[in-house]
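Participant: This is run10.cif (mmCIF, C-alpha atoms).
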data_input
#
loop_
_atom_site.group_PDB
_atom_site.id
_atom_site.type_symbol
_atom_site.label_atom_id
_atom_site.label_comp_id
_atom_site.auth_asym_id
_atom_site.auth_seq_id
_atom_site.Cartn_x
_atom_site.Cartn_y
_atom_site.Cartn_z
ATOM 1 C CA ASN A 1365 4.046 7.611 -11.886
ATOM 2 C CA ALA A 1366 7.538 6.102 -11.775
ATOM 3 C CA GLY A 1367 6.377 2.568 -10.820
ATOM 4 C CA VAL A 1368 9.352 0.253 -10.219
ATOM 5 C CA THR A 1369 12.770 1.773 -10.833
ATOM 6 C CA GLN A 1370 15.929 -0.292 -11.120
ATOM 7 C CA THR A 1371 19.484 1.007 -11.208
ATOM 8 C CA PRO A 1372 21.863 0.573 -12.868
ATOM 9 C CA LYS A 1373 20.584 -0.595 -16.264
ATOM 10 C CA PHE A 1374 23.907 -2.176 -17.217
ATOM 11 C CA GLN A 1375 26.871 -3.302 -15.148
ATOM 12 C CA VAL A 1376 30.099 -5.188 -15.769
ATOM 13 C CA LEU A 1377 31.828 -6.738 -12.769
ATOM 14 C CA LYS A 1378 35.012 -8.675 -12.312
ATOM 15 C CA THR A 1379 34.851 -12.047 -10.615
ATOM 16 C CA GLY A 1380 34.947 -11.603 -6.866
ATOM 17 C CA GLN A 1381 33.650 -8.033 -6.813
ATOM 18 C CA SER A 1382 30.548 -7.137 -4.870
ATOM 19 C CA MET A 1383 27.768 -4.765 -5.810
ATOM 20 C CA THR A 1384 24.227 -3.747 -4.986
ATOM 21 C CA LEU A 1385 21.381 -3.623 -7.475
ATOM 22 C CA GLN A 1386 18.882 -0.995 -6.454
ATOM 23 C CA CYS A 1387 15.109 -1.307 -6.685
ATOM 24 C CA ALA A 1388 12.570 1.283 -5.602
ATOM 25 C CA GLN A 1389 8.799 1.476 -6.005
ATOM 26 C CA ASP A 1390 6.461 4.372 -5.348
ATOM 27 C CA MET A 1391 3.158 2.451 -5.225
ATOM 28 C CA ASN A 1392 3.259 1.578 -1.504
ATOM 29 C CA HIS A 1393 3.334 -2.124 -2.327
ATOM 30 C CA GLU A 1394 4.127 -4.481 0.515
ATOM 31 C CA TYR A 1395 5.325 -7.360 -1.675
ATOM 32 C CA MET A 1396 8.588 -7.068 -3.606
ATOM 33 C CA SER A 1397 10.716 -9.664 -5.331
ATOM 34 C CA TRP A 1398 13.867 -10.213 -7.351
ATOM 35 C CA TYR A 1399 14.165 -12.505 -10.366
ATOM 36 C CA ARG A 1400 16.919 -13.429 -12.725
ATOM 37 C CA GLN A 1401 16.266 -14.209 -16.356
ATOM 38 C CA ASP A 1402 18.549 -16.475 -18.329
ATOM 39 C CA PRO A 1403 18.061 -17.557 -21.952
ATOM 40 C CA GLY A 1404 15.567 -20.397 -22.300
ATOM 41 C CA MET A 1405 14.884 -20.587 -18.564
ATOM 42 C CA GLY A 1406 12.248 -17.973 -17.938
ATOM 43 C CA LEU A 1407 12.371 -16.035 -14.687
ATOM 44 C CA ARG A 1408 13.650 -17.601 -11.497
ATOM 45 C CA LEU A 1409 12.870 -16.131 -8.096
ATOM 46 C CA ILE A 1410 15.906 -15.128 -6.022
ATOM 47 C CA HIS A 1411 14.435 -13.478 -2.917
ATOM 48 C CA TYR A 1412 11.175 -11.877 -1.956
ATOM 49 C CA SER A 1413 9.761 -9.692 0.795
ATOM 50 C CA VAL A 1414 6.208 -9.434 2.123
ATOM 51 C CA GLY A 1415 6.881 -6.187 3.965
ATOM 52 C CA ALA A 1416 9.513 -4.019 5.621
ATOM 53 C CA GLY A 1417 11.788 -6.132 7.785
ATOM 54 C CA ILE A 1418 10.625 -9.445 6.294
ATOM 55 C CA THR A 1419 12.514 -11.308 3.572
ATOM 56 C CA ASP A 1420 12.673 -14.904 2.429
ATOM 57 C CA GLN A 1421 14.490 -17.052 -0.090
ATOM 58 C CA GLY A 1422 13.214 -17.984 -3.487
ATOM 59 C CA GLU A 1423 14.334 -20.648 -5.898
ATOM 60 C CA VAL A 1424 17.946 -19.528 -6.459
ATOM 61 C CA PRO A 1425 19.130 -17.488 -3.422
ATOM 62 C CA ASN A 1426 22.764 -18.599 -3.186
ATOM 63 C CA GLY A 1427 25.253 -15.780 -3.686
ATOM 64 C CA TYR A 1428 22.670 -13.049 -3.089
ATOM 65 C CA ASN A 1429 21.556 -11.070 -0.043
ATOM 66 C CA VAL A 1430 18.573 -8.791 0.417
ATOM 67 C CA SER A 1431 17.214 -6.481 3.077
ATOM 68 C CA ARG A 1432 14.011 -4.461 3.360
ATOM 69 C CA SER A 1433 14.355 -1.528 5.702
ATOM 70 C CA THR A 1434 11.606 0.534 4.048
ATOM 71 C CA THR A 1435 8.470 -0.254 2.050
ATOM 72 C CA GLU A 1436 9.892 1.531 -0.981
ATOM 73 C CA ASP A 1437 13.330 -0.058 -1.363
ATOM 74 C CA PHE A 1438 14.484 -3.628 -1.877
ATOM 75 C CA PRO A 1439 18.186 -3.803 -2.792
ATOM 76 C CA LEU A 1440 19.854 -6.986 -4.011
ATOM 77 C CA ARG A 1441 23.475 -7.548 -3.035
ATOM 78 C CA LEU A 1442 25.911 -9.768 -4.840
ATOM 79 C CA LEU A 1443 28.470 -10.775 -2.262
ATOM 80 C CA SER A 1444 31.274 -12.092 -4.495
ATOM 81 C CA ALA A 1445 30.324 -12.035 -8.163
ATOM 82 C CA ALA A 1446 30.794 -15.168 -10.261
ATOM 83 C CA PRO A 1447 30.429 -15.647 -14.041
ATOM 84 C CA SER A 1448 27.365 -17.830 -13.322
ATOM 85 C CA GLN A 1449 25.625 -14.686 -12.068
ATOM 86 C CA THR A 1450 25.764 -13.120 -15.514
ATOM 87 C CA SER A 1451 22.090 -12.527 -16.182
ATOM 88 C CA VAL A 1452 19.318 -9.980 -16.478
ATOM 89 C CA TYR A 1453 17.841 -9.100 -13.096
ATOM 90 C CA PHE A 1454 14.285 -7.907 -12.606
ATOM 91 C CA CYS A 1455 12.685 -6.402 -9.560
ATOM 92 C CA ALA A 1456 8.901 -6.545 -9.162
ATOM 93 C CA SER A 1457 6.306 -5.321 -6.707
ATOM 94 C CA SER A 1458 2.632 -5.995 -6.103
ATOM 95 C CA TYR A 1459 -0.115 -4.846 -3.785
ATOM 96 C CA GLY A 1460 -1.479 -8.250 -2.808
ATOM 97 C CA GLY A 1461 1.512 -10.544 -3.092
ATOM 98 C CA VAL A 1462 1.153 -13.272 -5.701
ATOM 99 C CA ASN A 1463 -2.624 -12.823 -5.842
ATOM 100 C CA THR A 1464 -2.500 -9.522 -7.717
ATOM 101 C CA GLU A 1465 -0.641 -8.288 -10.763
ATOM 102 C CA ALA A 1466 3.070 -7.680 -10.460
ATOM 103 C CA PHE A 1467 4.747 -4.527 -11.745
ATOM 104 C CA PHE A 1468 8.242 -5.039 -13.106
ATOM 105 C CA GLY A 1469 11.208 -2.753 -13.434
ATOM 106 C CA GLN A 1470 13.088 -2.432 -16.710
ATOM 107 C CA GLY A 1471 15.856 -4.773 -15.610
ATOM 108 C CA THR A 1472 19.586 -4.678 -14.909
ATOM 109 C CA ARG A 1473 21.835 -6.482 -17.360
ATOM 110 C CA LEU A 1474 24.827 -7.782 -15.398
ATOM 111 C CA THR A 1475 27.941 -9.297 -16.904
ATOM 112 C CA VAL A 1476 30.571 -10.910 -14.689
ATOM 113 C CA VAL A 1477 33.943 -11.410 -16.354
ATOM 114 C CA SER B 1335 9.859 -27.368 -10.057
ATOM 115 C CA GLN B 1336 6.239 -26.246 -9.928
ATOM 116 C CA GLN B 1337 6.573 -23.689 -12.692
ATOM 117 C CA GLY B 1338 4.292 -23.677 -15.682
ATOM 118 C CA GLU B 1339 5.466 -24.811 -19.080
ATOM 119 C CA GLU B 1340 4.472 -22.915 -22.204
ATOM 120 C CA ASP B 1341 3.834 -24.473 -25.571
ATOM 121 C CA PRO B 1342 4.920 -23.817 -28.262
ATOM 122 C CA GLN B 1343 8.346 -22.318 -27.558
ATOM 123 C CA ALA B 1344 8.043 -20.120 -30.636
ATOM 124 C CA LEU B 1345 5.240 -19.052 -32.935
ATOM 125 C CA SER B 1346 5.332 -17.100 -36.184
ATOM 126 C CA ILE B 1347 2.096 -15.756 -37.671
ATOM 127 C CA GLN B 1348 0.890 -13.293 -40.272
ATOM 128 C CA GLU B 1349 -0.554 -9.981 -39.179
ATOM 129 C CA GLY B 1350 -4.297 -10.335 -38.714
ATOM 130 C CA GLU B 1351 -4.127 -14.009 -37.738
ATOM 131 C CA ASN B 1352 -4.850 -15.363 -34.285
ATOM 132 C CA ALA B 1353 -2.119 -16.662 -31.978
ATOM 133 C CA THR B 1354 -2.701 -19.318 -29.359
ATOM 134 C CA MET B 1355 -0.256 -20.465 -26.716
ATOM 135 C CA ASN B 1356 -0.690 -22.893 -23.874
ATOM 136 C CA CYS B 1357 0.573 -23.275 -20.332
ATOM 137 C CA SER B 1358 0.542 -26.464 -18.291
ATOM 138 C CA TYR B 1359 1.282 -26.805 -14.603
ATOM 139 C CA LYS B 1360 1.648 -29.644 -12.138
ATOM 140 C CA THR B 1361 -0.225 -28.936 -8.903
ATOM 141 C CA SER B 1362 -3.357 -27.067 -7.894
ATOM 142 C CA ILE B 1363 -3.053 -23.324 -8.213
ATOM 143 C CA ASN B 1364 -4.585 -20.274 -6.594
ATOM 144 C CA ASN B 1365 -4.303 -18.220 -9.752
ATOM 145 C CA LEU B 1366 -2.490 -18.092 -13.082
ATOM 146 C CA GLN B 1367 -1.159 -14.937 -14.691
ATOM 147 C CA TRP B 1368 0.012 -14.051 -18.196
ATOM 148 C CA TYR B 1369 2.727 -11.502 -18.898
ATOM 149 C CA ARG B 1370 4.233 -10.000 -22.042
ATOM 150 C CA GLN B 1371 7.863 -9.010 -22.494
ATOM 151 C CA ASN B 1372 9.041 -6.921 -25.407
ATOM 152 C CA SER B 1373 12.672 -7.352 -26.385
ATOM 153 C CA GLY B 1374 14.997 -5.845 -23.801
ATOM 154 C CA ARG B 1375 12.180 -4.629 -21.570
ATOM 155 C CA GLY B 1376 10.511 -5.608 -18.335
ATOM 156 C CA LEU B 1377 7.429 -7.805 -18.081
ATOM 157 C CA VAL B 1378 3.972 -6.315 -18.387
ATOM 158 C CA HIS B 1379 0.952 -7.948 -16.766
ATOM 159 C CA LEU B 1380 -1.826 -9.001 -19.152
ATOM 160 C CA ILE B 1381 -4.448 -11.060 -17.312
ATOM 161 C CA LEU B 1382 -4.883 -12.827 -13.985
ATOM 162 C CA ILE B 1383 -7.329 -15.725 -13.828
ATOM 163 C CA ARG B 1384 -8.284 -17.318 -10.523
ATOM 164 C CA SER B 1385 -8.746 -21.032 -9.961
ATOM 165 C CA ASN B 1386 -12.538 -20.676 -9.794
ATOM 166 C CA GLU B 1387 -12.711 -18.827 -13.133
ATOM 167 C CA ARG B 1388 -12.816 -20.474 -16.548
ATOM 168 C CA GLU B 1389 -12.387 -17.600 -18.973
ATOM 169 C CA LYS B 1390 -11.362 -13.939 -18.980
ATOM 170 C CA HIS B 1391 -11.127 -11.335 -21.689
ATOM 171 C CA SER B 1392 -9.142 -8.153 -22.062
ATOM 172 C CA GLY B 1393 -9.385 -6.381 -25.394
ATOM 173 C CA ARG B 1394 -8.026 -8.789 -28.025
ATOM 174 C CA LEU B 1395 -6.833 -11.234 -25.385
ATOM 175 C CA ARG B 1396 -8.741 -14.267 -24.167
ATOM 176 C CA VAL B 1397 -7.481 -16.539 -21.412
ATOM 177 C CA THR B 1398 -9.014 -19.878 -20.483
ATOM 178 C CA LEU B 1399 -8.266 -22.075 -17.511
ATOM 179 C CA ASP B 1400 -9.007 -25.797 -17.243
ATOM 180 C CA THR B 1401 -8.130 -26.897 -13.725
ATOM 181 C CA SER B 1402 -9.024 -30.531 -14.462
ATOM 182 C CA LYS B 1403 -6.315 -30.613 -17.136
ATOM 183 C CA LYS B 1404 -4.045 -28.211 -15.233
ATOM 184 C CA SER B 1405 -3.685 -26.016 -18.277
ATOM 185 C CA SER B 1406 -4.385 -22.518 -19.523
ATOM 186 C CA SER B 1407 -4.376 -20.919 -22.940
ATOM 187 C CA LEU B 1408 -3.821 -17.361 -24.144
ATOM 188 C CA LEU B 1409 -5.437 -16.332 -27.410
ATOM 189 C CA ILE B 1410 -4.481 -13.126 -29.185
ATOM 190 C CA THR B 1411 -6.974 -12.269 -31.898
ATOM 191 C CA ALA B 1412 -6.305 -10.185 -35.012
ATOM 192 C CA SER B 1413 -2.599 -9.962 -34.257
ATOM 193 C CA ARG B 1414 -0.560 -6.844 -34.974
ATOM 194 C CA ALA B 1415 3.166 -6.250 -35.422
ATOM 195 C CA ALA B 1416 3.176 -4.688 -31.943
ATOM 196 C CA ASP B 1417 2.178 -8.080 -30.484
ATOM 197 C CA THR B 1418 5.637 -9.400 -31.330
ATOM 198 C CA ALA B 1419 7.003 -10.318 -27.898
ATOM 199 C CA SER B 1420 7.607 -13.163 -25.487
ATOM 200 C CA TYR B 1421 4.634 -14.328 -23.439
ATOM 201 C CA PHE B 1422 4.974 -15.950 -20.042
ATOM 202 C CA CYS B 1423 2.564 -17.730 -17.773
ATOM 203 C CA ALA B 1424 3.097 -17.556 -14.033
ATOM 204 C CA THR B 1425 1.450 -19.705 -11.398
ATOM 205 C CA ALA B 1426 0.647 -18.907 -7.790
ATOM 206 C CA TYR B 1427 -0.112 -21.599 -5.270
ATOM 207 C CA SER B 1428 -2.207 -21.508 -2.105
ATOM 208 C CA ASN B 1429 -0.345 -20.629 1.090
ATOM 209 C CA ASP B 1430 2.718 -19.687 -0.923
ATOM 210 C CA TYR B 1431 4.332 -16.330 -1.537
ATOM 211 C CA LYS B 1432 6.112 -17.283 -4.725
ATOM 212 C CA LEU B 1433 5.126 -16.668 -8.336
ATOM 213 C CA SER B 1434 6.624 -19.302 -10.663
ATOM 214 C CA PHE B 1435 7.277 -18.453 -14.313
ATOM 215 C CA GLY B 1436 7.569 -20.696 -17.321
ATOM 216 C CA ALA B 1437 10.201 -20.343 -20.047
ATOM 217 C CA GLY B 1438 7.839 -18.417 -22.322
ATOM 218 C CA THR B 1439 6.526 -18.460 -25.889
ATOM 219 C CA THR B 1440 8.175 -16.143 -28.409
ATOM 220 C CA VAL B 1441 5.622 -14.744 -30.836
ATOM 221 C CA THR B 1442 6.634 -13.095 -34.093
ATOM 222 C CA VAL B 1443 3.963 -11.289 -36.099
ATOM 223 C CA ARG B 1444 4.952 -10.810 -39.748
ATOM 224 C CA ALA B 1445 3.653 -7.796 -41.646
#
Mind converting the file's structure to structure tokens?
Facilitator:
Amino acid sequence: NAGVTQTPKFQVLKTGQSMTLQCAQDMNHEYMSWYRQDPGMGLRLIHYSVGAGITDQGEVPNGYNVSRSTTEDFPLRLLSAAPSQTSVYFCASSYGGVNTEAFFGQGTRLTVV
Amino acid sequence: SQQGEEDPQALSIQEGENATMNCSYKTSINNLQWYRQNSGRGLVHLILIRSNEREKHSGRLRVTLDTSKKSSSLLITASRAADTASYFCATAYSNDYKLSFGAGTTVTVRA
């Protein structure tokens, strides 16, 4: 069972570059979400999706786009990277939204220089 | 922000001792969840406790919920070196699709 798979694990970007962080799950979960984790701040929700074709903003959505064309995939796009987006990004999925346990990927460590 | 707040921020204990950490939140919740994160890894779900539950157990873990005080506690009994990790509480609110995490408690278990 692969669970939640994130790629890449590490990435360095220059300011202004764009990129897509990939997230895939093989558990047929409807609910998927993206968080960023910064030192001393816990996890902050960027975007989430309750099913294919449905996405919504979380706590810190600015500078990020998402789409959900399939149940399995939930990519996160950085439109024009800024140093403030240096962080560790986690993707998660769950069967019953926030009312059941979430399964997390291993994270993508992004550095914007 | 509606996120929970963990206390203490850091905890250092001897192997075999118990570790207790607390989480407080501000508004009524639907459920509260605890997660563990080992250094450099993703979060792993430990226990989910619903608003109508007062206590849950899982192995050496015990979680309590006091909705009147808007607080929860996680107790790890007979700690082991492998329990060294950061522990996060996450709150879910009714009619909301967002899970809100606190800043976490870092637990170090000394051999």
Participant: Could you tell me which residues the PyMOL selection byres ((chain A) within 12 of (chain B)) returns for this structure, as an NGL selection string?
Facilitator: :A and (1367-1370 or 1373-1374 or 1395-1415 or 1419-1424 or 1452-1458 or 1460-1473)
Participant: Please, could you write that set of residues out with C-alpha atoms as a PDB file, in the frame of the given file?
Facilitator:
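Saved result, result24.pdb, follows:
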ATOM      1  CA  GLY A1367       6.377   2.568 -10.820  1.00  0.00           C
ATOM      2  CA  VAL A1368       9.352   0.253 -10.219  1.00  0.00           C
ATOM      3  CA  THR A1369      12.770   1.773 -10.833  1.00  0.00           C
ATOM      4  CA  GLN A1370      15.929  -0.292 -11.120  1.00  0.00           C
ATOM      5  CA  LYS A1373      20.584  -0.595 -16.264  1.00  0.00           C
ATOM      6  CA  PHE A1374      23.907  -2.176 -17.217  1.00  0.00           C
ATOM      7  CA  TYR A1395       5.325  -7.360  -1.675  1.00  0.00           C
ATOM      8  CA  MET A1396       8.588  -7.068  -3.606  1.00  0.00           C
ATOM      9  CA  SER A1397      10.716  -9.664  -5.331  1.00  0.00           C
ATOM     10  CA  TRP A1398      13.867 -10.213  -7.351  1.00  0.00           C
ATOM     11  CA  TYR A1399      14.165 -12.505 -10.366  1.00  0.00           C
ATOM     12  CA  ARG A1400      16.919 -13.429 -12.725  1.00  0.00           C
ATOM     13  CA  GLN A1401      16.266 -14.209 -16.356  1.00  0.00           C
ATOM     14  CA  ASP A1402      18.549 -16.475 -18.329  1.00  0.00           C
ATOM     15  CA  PRO A1403      18.061 -17.557 -21.952  1.00  0.00           C
ATOM     16  CA  GLY A1404      15.567 -20.397 -22.300  1.00  0.00           C
ATOM     17  CA  MET A1405      14.884 -20.587 -18.564  1.00  0.00           C
ATOM     18  CA  GLY A1406      12.248 -17.973 -17.938  1.00  0.00           C
ATOM     19  CA  LEU A1407      12.371 -16.035 -14.687  1.00  0.00           C
ATOM     20  CA  ARG A1408      13.650 -17.601 -11.497  1.00  0.00           C
ATOM     21  CA  LEU A1409      12.870 -16.131  -8.096  1.00  0.00           C
ATOM     22  CA  ILE A1410      15.906 -15.128  -6.022  1.00  0.00           C
ATOM     23  CA  HIS A1411      14.435 -13.478  -2.917  1.00  0.00           C
ATOM     24  CA  TYR A1412      11.175 -11.877  -1.956  1.00  0.00           C
ATOM     25  CA  SER A1413       9.761  -9.692   0.795  1.00  0.00           C
ATOM     26  CA  VAL A1414       6.208  -9.434   2.123  1.00  0.00           C
ATOM     27  CA  GLY A1415       6.881  -6.187   3.965  1.00  0.00           C
ATOM     28  CA  THR A1419      12.514 -11.308   3.572  1.00  0.00           C
ATOM     29  CA  ASP A1420      12.673 -14.904   2.429  1.00  0.00           C
ATOM     30  CA  GLN A1421      14.490 -17.052  -0.090  1.00  0.00           C
ATOM     31  CA  GLY A1422      13.214 -17.984  -3.487  1.00  0.00           C
ATOM     32  CA  GLU A1423      14.334 -20.648  -5.898  1.00  0.00           C
ATOM     33  CA  VAL A1424      17.946 -19.528  -6.459  1.00  0.00           C
ATOM     34  CA  VAL A1452      19.318  -9.980 -16.478  1.00  0.00           C
ATOM     35  CA  TYR A1453      17.841  -9.100 -13.096  1.00  0.00           C
ATOM     36  CA  PHE A1454      14.285  -7.907 -12.606  1.00  0.00           C
ATOM     37  CA  CYS A1455      12.685  -6.402  -9.560  1.00  0.00           C
ATOM     38  CA  ALA A1456       8.901  -6.545  -9.162  1.00  0.00           C
ATOM     39  CA  SER A1457       6.306  -5.321  -6.707  1.00  0.00           C
ATOM     40  CA  SER A1458       2.632  -5.995  -6.103  1.00  0.00           C
ATOM     41  CA  GLY A1460      -1.479  -8.250  -2.808  1.00  0.00           C
ATOM     42  CA  GLY A1461       1.512 -10.544  -3.092  1.00  0.00           C
ATOM     43  CA  VAL A1462       1.153 -13.272  -5.701  1.00  0.00           C
ATOM     44  CA  ASN A1463      -2.624 -12.823  -5.842  1.00  0.00           C
ATOM     45  CA  THR A1464      -2.500  -9.522  -7.717  1.00  0.00           C
ATOM     46  CA  GLU A1465      -0.641  -8.288 -10.763  1.00  0.00           C
ATOM     47  CA  ALA A1466       3.070  -7.680 -10.460  1.00  0.00           C
ATOM     48  CA  PHE A1467       4.747  -4.527 -11.745  1.00  0.00           C
ATOM     49  CA  PHE A1468       8.242  -5.039 -13.106  1.00  0.00           C
ATOM     50  CA  GLY A1469      11.208  -2.753 -13.434  1.00  0.00           C
ATOM     51  CA  GLN A1470      13.088  -2.432 -16.710  1.00  0.00           C
ATOM     52  CA  GLY A1471      15.856  -4.773 -15.610  1.00  0.00           C
ATOM     53  CA  THR A1472      19.586  -4.678 -14.909  1.00  0.00           C
ATOM     54  CA  ARG A1473      21.835  -6.482 -17.360  1.00  0.00           C
TER      55      ARG A1473
END
Participant: One number please: atom CA of A:Ser1451 to atom CA of A:Asn1392, in Å, one decimal.
Facilitator: 27.7 Å
Participant: Output the residue selection produced by the PyMOL selection byres ((chain B and resi 1405-1412) around 8) on the file above, formatted as a VMD selection string.
Facilitator: chain B and resid 1349 to 1359 1368 1394 to 1404 1413 to 1414
Participant: Select, from B:Val1441, B:Asp1341, B:Arg1388, B:Ser1362, the residue with the minimum atom-to-atom distance to B:Ala1416, counting all atoms listed in the file.
Facilitator: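 Among B:Val1441, B:Asp1341, B:Arg1388, B:Ser1362, it is B:Val1441 that comes nearest to B:Ala1416.
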Participant: Between atom CA of A:Ser1433 and atom CA of A:Ile1418, measure the distance and give it in Å to one decimal.
Facilitator: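 These two atoms are separated by 8.8 Å.
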Participant: Can you tell me, as AutoDock Vina command-line options, the centre and edge lengths (Å, one decimal) of the axis-aligned box enclosing all of stretch 1359-1373 of chain B's listed atoms after padding each side by 3 Å?
Facilitator:
--center_x 4.0 --center_y -18.3 --center_z -16.5 --size_x 23.3 --size_y 28.7 --size_z 25.8
Participant: Could you check which of A:Thr1450, A:Gln1375, A:Gln1389, A:Thr1475 is closest to A:Phe1438, using all atoms listed in the file?
Facilitator: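 Selected residue with least distance to A:Phe1438: A:Gln1389.
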Participant: Could you expand the PyMOL selection byres ((chain A and resi 1383-1385) around 9) into the explicit residues it covers here, written as a ChimeraX atom specification?
Facilitator: /A:1370-1372,1377,1381-1382,1386-1387,1438-1445,1453,1472
Participant: Using atom CA of A:Ala1446 and atom CA of B:Ser1373 as the two end points, give the distance in Å to one decimal.
Facilitator: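 A separation of 25.5 Å between them.
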Participant: Which residue gives the smallest distance to A:Thr1379 among A:Gly1417, A:Thr1434, A:Leu1474, A:Pro1447, with all atoms listed in the file counted?
Facilitator: A:Pro1447
Participant: Assuming the input is short of atoms at stretch 1453-1466 of chain A, produce N, CA, C and O atoms for that part as a PDB file, in the frame of the given file.
Facilitator:
ATOM      1  N   TYR A1453      18.524  -9.078 -14.383  1.00  0.00           N
ATOM      2  CA  TYR A1453      17.841  -9.100 -13.096  1.00  0.00           C
ATOM      3  C   TYR A1453      16.630  -8.166 -13.131  1.00  0.00           C
ATOM      4  O   TYR A1453      16.733  -7.021 -13.566  1.00  0.00           O
ATOM      5  N   PHE A1454      15.514  -8.689 -12.658  1.00  0.00           N
ATOM      6  CA  PHE A1454      14.285  -7.907 -12.606  1.00  0.00           C
ATOM      7  C   PHE A1454      13.780  -7.825 -11.172  1.00  0.00           C
ATOM      8  O   PHE A1454      13.744  -8.829 -10.455  1.00  0.00           O
ATOM      9  N   CYS A1455      13.357  -6.636 -10.823  1.00  0.00           N
ATOM     10  CA  CYS A1455      12.685  -6.402  -9.560  1.00  0.00           C
ATOM     11  C   CYS A1455      11.193  -6.217  -9.858  1.00  0.00           C
ATOM     12  O   CYS A1455      10.832  -5.659 -10.909  1.00  0.00           O
ATOM     13  N   ALA A1456      10.345  -6.681  -8.966  1.00  0.00           N
ATOM     14  CA  ALA A1456       8.901  -6.545  -9.162  1.00  0.00           C
ATOM     15  C   ALA A1456       8.241  -6.224  -7.835  1.00  0.00           C
ATOM     16  O   ALA A1456       8.768  -6.541  -6.765  1.00  0.00           O
ATOM     17  N   SER A1457       7.079  -5.591  -7.915  1.00  0.00           N
ATOM     18  CA  SER A1457       6.306  -5.321  -6.707  1.00  0.00           C
ATOM     19  C   SER A1457       4.836  -5.558  -6.996  1.00  0.00           C
ATOM     20  O   SER A1457       4.395  -5.505  -8.147  1.00  0.00           O
ATOM     21  N   SER A1458       4.074  -5.834  -5.948  1.00  0.00           N
ATOM     22  CA  SER A1458       2.632  -5.995  -6.103  1.00  0.00           C
ATOM     23  C   SER A1458       1.935  -5.625  -4.816  1.00  0.00           C
ATOM     24  O   SER A1458       2.531  -5.672  -3.727  1.00  0.00           O
ATOM     25  N   TYR A1459       0.669  -5.267  -4.944  1.00  0.00           N
ATOM     26  CA  TYR A1459      -0.115  -4.846  -3.785  1.00  0.00           C
ATOM     27  C   TYR A1459      -0.483  -6.037  -2.907  1.00  0.00           C
ATOM     28  O   TYR A1459      -0.358  -5.990  -1.688  1.00  0.00           O
ATOM     29  N   GLY A1460      -0.943  -7.109  -3.557  1.00  0.00           N
ATOM     30  CA  GLY A1460      -1.479  -8.250  -2.808  1.00  0.00           C
ATOM     31  C   GLY A1460      -0.641  -9.508  -2.956  1.00  0.00           C
ATOM     32  O   GLY A1460      -1.209 -10.598  -3.088  1.00  0.00           O
ATOM     33  N   GLY A1461       0.661  -9.369  -2.963  1.00  0.00           N
ATOM     34  CA  GLY A1461       1.512 -10.544  -3.092  1.00  0.00           C
ATOM     35  C   GLY A1461       1.333 -11.215  -4.429  1.00  0.00           C
ATOM     36  O   GLY A1461       1.235 -10.543  -5.457  1.00  0.00           O
ATOM     37  N   VAL A1462       1.251 -12.547  -4.431  1.00  0.00           N
ATOM     38  CA  VAL A1462       1.153 -13.272  -5.701  1.00  0.00           C
ATOM     39  C   VAL A1462      -0.299 -13.369  -6.173  1.00  0.00           C
ATOM     40  O   VAL A1462      -0.567 -13.987  -7.199  1.00  0.00           O
ATOM     41  N   ASN A1463      -1.215 -12.746  -5.461  1.00  0.00           N
ATOM     42  CA  ASN A1463      -2.624 -12.823  -5.842  1.00  0.00           C
ATOM     43  C   ASN A1463      -3.111 -11.597  -6.597  1.00  0.00           C
ATOM     44  O   ASN A1463      -4.302 -11.471  -6.874  1.00  0.00           O
ATOM     45  N   THR A1464      -2.188 -10.692  -6.894  1.00  0.00           N
ATOM     46  CA  THR A1464      -2.500  -9.522  -7.717  1.00  0.00           C
ATOM     47  C   THR A1464      -1.385  -9.331  -8.733  1.00  0.00           C
ATOM     48  O   THR A1464      -0.317  -9.923  -8.608  1.00  0.00           O
ATOM     49  N   GLU A1465      -1.633  -8.466  -9.712  1.00  0.00           N
ATOM     50  CA  GLU A1465      -0.641  -8.288 -10.763  1.00  0.00           C
ATOM     51  C   GLU A1465       0.657  -7.726 -10.220  1.00  0.00           C
ATOM     52  O   GLU A1465       0.660  -6.926  -9.281  1.00  0.00           O
ATOM     53  N   ALA A1466       1.749  -8.175 -10.816  1.00  0.00           N
ATOM     54  CA  ALA A1466       3.070  -7.680 -10.460  1.00  0.00           C
ATOM     55  C   ALA A1466       3.503  -6.611 -11.454  1.00  0.00           C
ATOM     56  O   ALA A1466       3.229  -6.702 -12.647  1.00  0.00           O
TER      57      ALA A1466
END
